[in-house]
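As provided, work_39.cif (mmCIF, N, CA and C atoms) reads as follows.
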```cif
data_target
#
loop_
_atom_site.label_atom_id
_atom_site.label_comp_id
_atom_site.auth_asym_id
_atom_site.auth_seq_id
_atom_site.Cartn_x
_atom_site.Cartn_y
_atom_site.Cartn_z
N PRO Y 207 0.82 -1.21 0.00
CA PRO Y 207 0.00 0.00 0.00
C PRO Y 207 0.87 1.27 0.00
N TYR Y 208 0.35 2.30 -0.60
CA TYR Y 208 1.05 3.57 -0.76
C TYR Y 208 0.19 4.67 -0.18
N GLU Y 209 0.79 5.52 0.66
CA GLU Y 209 0.05 6.64 1.23
C GLU Y 209 1.01 7.80 1.47
N ILE Y 210 0.62 8.99 1.00
CA ILE Y 210 1.47 10.17 1.16
C ILE Y 210 0.59 11.43 1.13
N GLU Y 211 1.05 12.47 1.80
CA GLU Y 211 0.40 13.78 1.72
C GLU Y 211 1.37 14.74 1.05
N TYR Y 212 0.84 15.60 0.22
CA TYR Y 212 1.66 16.64 -0.40
C TYR Y 212 0.77 17.77 -0.88
N ARG Y 213 1.40 18.84 -1.32
CA ARG Y 213 0.66 20.00 -1.81
C ARG Y 213 0.71 20.04 -3.33
N LEU Y 214 -0.41 20.41 -3.93
CA LEU Y 214 -0.50 20.59 -5.37
C LEU Y 214 -0.86 22.03 -5.67
N ARG Y 215 -0.28 22.57 -6.71
CA ARG Y 215 -0.64 23.91 -7.15
C ARG Y 215 -1.59 23.80 -8.32
N ARG Y 216 -2.77 24.39 -8.15
CA ARG Y 216 -3.77 24.35 -9.20
C ARG Y 216 -3.39 25.29 -10.34
N ALA Y 217 -4.10 25.16 -11.45
CA ALA Y 217 -3.83 26.00 -12.62
C ALA Y 217 -4.03 27.48 -12.29
N ASP Y 218 -4.92 27.80 -11.32
CA ASP Y 218 -5.16 29.19 -10.96
C ASP Y 218 -4.14 29.72 -9.95
N GLY Y 219 -3.16 28.88 -9.57
CA GLY Y 219 -2.10 29.29 -8.66
C GLY Y 219 -2.35 28.97 -7.20
N GLU Y 220 -3.55 28.51 -6.85
CA GLU Y 220 -3.87 28.19 -5.46
C GLU Y 220 -3.25 26.85 -5.08
N TRP Y 221 -2.67 26.80 -3.87
CA TRP Y 221 -2.10 25.57 -3.35
C TRP Y 221 -3.16 24.80 -2.58
N ARG Y 222 -3.21 23.49 -2.76
CA ARG Y 222 -4.15 22.62 -2.06
C ARG Y 222 -3.38 21.46 -1.45
N ASP Y 223 -3.77 21.07 -0.23
CA ASP Y 223 -3.19 19.89 0.41
C ASP Y 223 -3.93 18.66 -0.09
N THR Y 224 -3.18 17.62 -0.40
CA THR Y 224 -3.79 16.40 -0.92
C THR Y 224 -3.24 15.18 -0.19
N GLU Y 225 -4.04 14.15 -0.17
CA GLU Y 225 -3.63 12.85 0.36
C GLU Y 225 -3.82 11.84 -0.75
N VAL Y 226 -2.80 11.04 -0.99
CA VAL Y 226 -2.84 10.03 -2.04
C VAL Y 226 -2.74 8.66 -1.39
N ARG Y 227 -3.61 7.78 -1.80
CA ARG Y 227 -3.58 6.39 -1.32
C ARG Y 227 -3.69 5.47 -2.52
N GLY Y 228 -2.94 4.41 -2.49
CA GLY Y 228 -2.99 3.45 -3.58
C GLY Y 228 -2.64 2.05 -3.12
N VAL Y 229 -3.12 1.08 -3.84
CA VAL Y 229 -2.80 -0.32 -3.57
C VAL Y 229 -2.48 -0.99 -4.90
N PRO Y 230 -1.55 -1.94 -4.86
CA PRO Y 230 -1.23 -2.63 -6.10
C PRO Y 230 -2.28 -3.71 -6.41
N VAL Y 231 -2.52 -3.91 -7.68
CA VAL Y 231 -3.32 -5.03 -8.16
C VAL Y 231 -2.32 -6.04 -8.71
N LEU Y 232 -2.36 -7.22 -8.14
CA LEU Y 232 -1.35 -8.22 -8.48
C LEU Y 232 -1.82 -9.13 -9.60
N ALA Y 233 -0.85 -9.55 -10.42
CA ALA Y 233 -1.11 -10.56 -11.44
C ALA Y 233 -1.12 -11.93 -10.77
N GLU Y 234 -1.50 -12.96 -11.49
CA GLU Y 234 -1.55 -14.30 -10.92
C GLU Y 234 -0.20 -14.77 -10.42
N ASP Y 235 0.88 -14.30 -11.04
CA ASP Y 235 2.22 -14.72 -10.62
C ASP Y 235 2.76 -13.89 -9.46
N GLY Y 236 1.95 -12.95 -8.94
CA GLY Y 236 2.37 -12.15 -7.79
C GLY Y 236 3.00 -10.82 -8.13
N ARG Y 237 3.30 -10.59 -9.39
CA ARG Y 237 3.87 -9.31 -9.78
C ARG Y 237 2.78 -8.24 -9.81
N ILE Y 238 3.22 -6.99 -9.66
CA ILE Y 238 2.26 -5.88 -9.71
C ILE Y 238 1.83 -5.67 -11.16
N ARG Y 239 0.52 -5.74 -11.37
CA ARG Y 239 -0.04 -5.54 -12.70
C ARG Y 239 -0.35 -4.07 -12.93
N GLU Y 240 -0.91 -3.42 -11.86
CA GLU Y 240 -1.27 -2.01 -11.95
C GLU Y 240 -1.52 -1.49 -10.54
N TRP Y 241 -1.67 -0.19 -10.43
CA TRP Y 241 -2.00 0.45 -9.17
C TRP Y 241 -3.38 1.08 -9.26
N VAL Y 242 -4.13 0.99 -8.19
CA VAL Y 242 -5.44 1.62 -8.09
C VAL Y 242 -5.40 2.54 -6.88
N GLY Y 243 -5.89 3.76 -7.04
CA GLY Y 243 -5.83 4.66 -5.90
C GLY Y 243 -6.69 5.88 -6.08
N LEU Y 244 -6.51 6.80 -5.15
CA LEU Y 244 -7.27 8.04 -5.19
C LEU Y 244 -6.43 9.17 -4.64
N ASN Y 245 -6.83 10.35 -5.01
CA ASN Y 245 -6.18 11.58 -4.57
C ASN Y 245 -7.27 12.45 -3.96
N LEU Y 246 -7.16 12.70 -2.63
CA LEU Y 246 -8.18 13.47 -1.92
C LEU Y 246 -7.68 14.87 -1.61
N ASP Y 247 -8.54 15.85 -1.77
CA ASP Y 247 -8.24 17.22 -1.35
C ASP Y 247 -8.54 17.30 0.15
N ILE Y 248 -7.50 17.51 0.96
CA ILE Y 248 -7.66 17.56 2.41
C ILE Y 248 -7.36 18.95 2.97
N THR Y 249 -7.45 19.96 2.12
CA THR Y 249 -7.13 21.32 2.53
C THR Y 249 -8.00 21.77 3.70
N ASP Y 250 -9.30 21.55 3.62
CA ASP Y 250 -10.19 21.97 4.71
C ASP Y 250 -9.89 21.23 6.00
N ARG Y 251 -9.60 19.94 5.90
CA ARG Y 251 -9.25 19.15 7.08
C ARG Y 251 -7.97 19.67 7.74
N LYS Y 252 -6.96 19.96 6.93
CA LYS Y 252 -5.69 20.48 7.48
C LYS Y 252 -5.90 21.84 8.13
N ARG Y 253 -6.72 22.68 7.51
CA ARG Y 253 -7.00 24.00 8.06
C ARG Y 253 -7.71 23.87 9.41
N ALA Y 254 -8.69 22.98 9.50
CA ALA Y 254 -9.43 22.76 10.74
C ALA Y 254 -8.50 22.21 11.83
N GLN Y 255 -7.60 21.31 11.47
CA GLN Y 255 -6.64 20.77 12.45
C GLN Y 255 -5.75 21.89 12.98
N GLY Y 256 -5.33 22.79 12.12
CA GLY Y 256 -4.51 23.92 12.55
C GLY Y 256 -5.27 24.84 13.50
N GLU Y 257 -6.54 25.09 13.20
CA GLU Y 257 -7.35 25.93 14.07
C GLU Y 257 -7.56 25.28 15.43
N ILE Y 258 -7.76 23.97 15.44
CA ILE Y 258 -7.92 23.25 16.72
C ILE Y 258 -6.64 23.34 17.53
N GLU Y 259 -5.51 23.18 16.90
CA GLU Y 259 -4.22 23.25 17.61
C GLU Y 259 -3.99 24.65 18.16
N THR Y 260 -4.33 25.67 17.39
CA THR Y 260 -4.19 27.06 17.85
C THR Y 260 -5.08 27.30 19.06
N ALA Y 261 -6.32 26.83 19.01
CA ALA Y 261 -7.25 26.99 20.14
C ALA Y 261 -6.76 26.23 21.36
N ARG Y 262 -6.21 25.04 21.17
CA ARG Y 262 -5.68 24.25 22.28
C ARG Y 262 -4.53 24.99 22.98
N ARG Y 263 -3.63 25.53 22.16
CA ARG Y 263 -2.51 26.28 22.75
C ARG Y 263 -2.99 27.52 23.50
N ALA Y 264 -3.97 28.22 22.95
CA ALA Y 264 -4.51 29.40 23.61
C ALA Y 264 -5.16 29.03 24.93
N ALA Y 265 -5.88 27.91 24.97
CA ALA Y 265 -6.51 27.46 26.21
C ALA Y 265 -5.46 27.09 27.25
N GLU Y 266 -4.39 26.43 26.84
CA GLU Y 266 -3.32 26.08 27.76
C GLU Y 266 -2.66 27.34 28.33
N GLU Y 267 -2.42 28.33 27.47
CA GLU Y 267 -1.81 29.57 27.93
C GLU Y 267 -2.74 30.31 28.90
N ALA Y 268 -4.04 30.30 28.62
CA ALA Y 268 -5.01 30.94 29.52
C ALA Y 268 -5.04 30.23 30.87
N ASN Y 269 -4.98 28.92 30.86
CA ASN Y 269 -4.96 28.17 32.12
C ASN Y 269 -3.68 28.47 32.91
N LEU Y 270 -2.57 28.57 32.23
CA LEU Y 270 -1.31 28.89 32.89
C LEU Y 270 -1.38 30.30 33.48
N ALA Y 271 -1.87 31.26 32.73
CA ALA Y 271 -2.00 32.65 33.23
C ALA Y 271 -2.93 32.70 34.42
N LYS Y 272 -4.01 31.95 34.37
CA LYS Y 272 -4.98 31.91 35.47
C LYS Y 272 -4.34 31.34 36.72
N SER Y 273 -3.57 30.27 36.57
CA SER Y 273 -2.94 29.63 37.74
C SER Y 273 -1.83 30.51 38.31
N GLN Y 274 -1.20 31.31 37.48
CA GLN Y 274 -0.14 32.21 37.96
C GLN Y 274 -0.73 33.45 38.64
N PHE Y 275 -1.97 33.77 38.31
CA PHE Y 275 -2.62 34.93 38.90
C PHE Y 275 -3.00 34.62 40.33
#
```
Can the structure in the file be given as structure tokens, please?
Amino acid sequence: PYEIEYRLRRADGEWRDTEVRGVPVLAEDGRIREWVGLNLDITDRKRAQGEIETARRAAEEANLAKSQF
């Protein structure tokens, strides 16, 4: 199985985060005949994960400031 994340630049110049997954289709003798897979746009997911991390850090800093007060 193959899995990787990378960024693609669209024709309009916008960068998008993508996730690629693939699996080999084997021939009867066990050799790889072809690959089947998909390419997902995960830009919104990555953006949401970043916002969650930023909020988590802000909450930790607020808790620390509160305890120091």
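The two atoms in question, CA of Gly243 (chain Y) and CA of Tyr212 (chain Y), are spaced 15.2 Å apart.
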Item to check | Between atom N of Val226 (chain Y) and CA of Glu209 (chain Y), distance in Å (one decimal) | outcome: 5.7 Å
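When atom C of Glu257 (chain Y) is paired with atom N of Gln274 (chain Y), their separation reads 23.7 Å.
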Checklist entry - Using the chain letters and numbers from this document, which residues of chain Y does DSSP assign to helix (DSSP H, G or I), as JSON, numbers by chain? => result {"Y": [249, 250, 251, 252, 253, 254, 255, 256, 257, 258, 259, 260, 261, 262, 263, 264, 265, 266, 267, 268, 269, 270, 271, 272, 273, 274]}
Next on the checklist: I'd like the neighbourhood of Thr224 (chain Y) as a PyMOL selection string, where a residue qualifies if any of its atoms comes within 9 Å (using only C-alpha atoms), though same-chain residues fewer than 4 positions away should be ignored.
Outcome noted: chain Y and resi 210-214+245-249
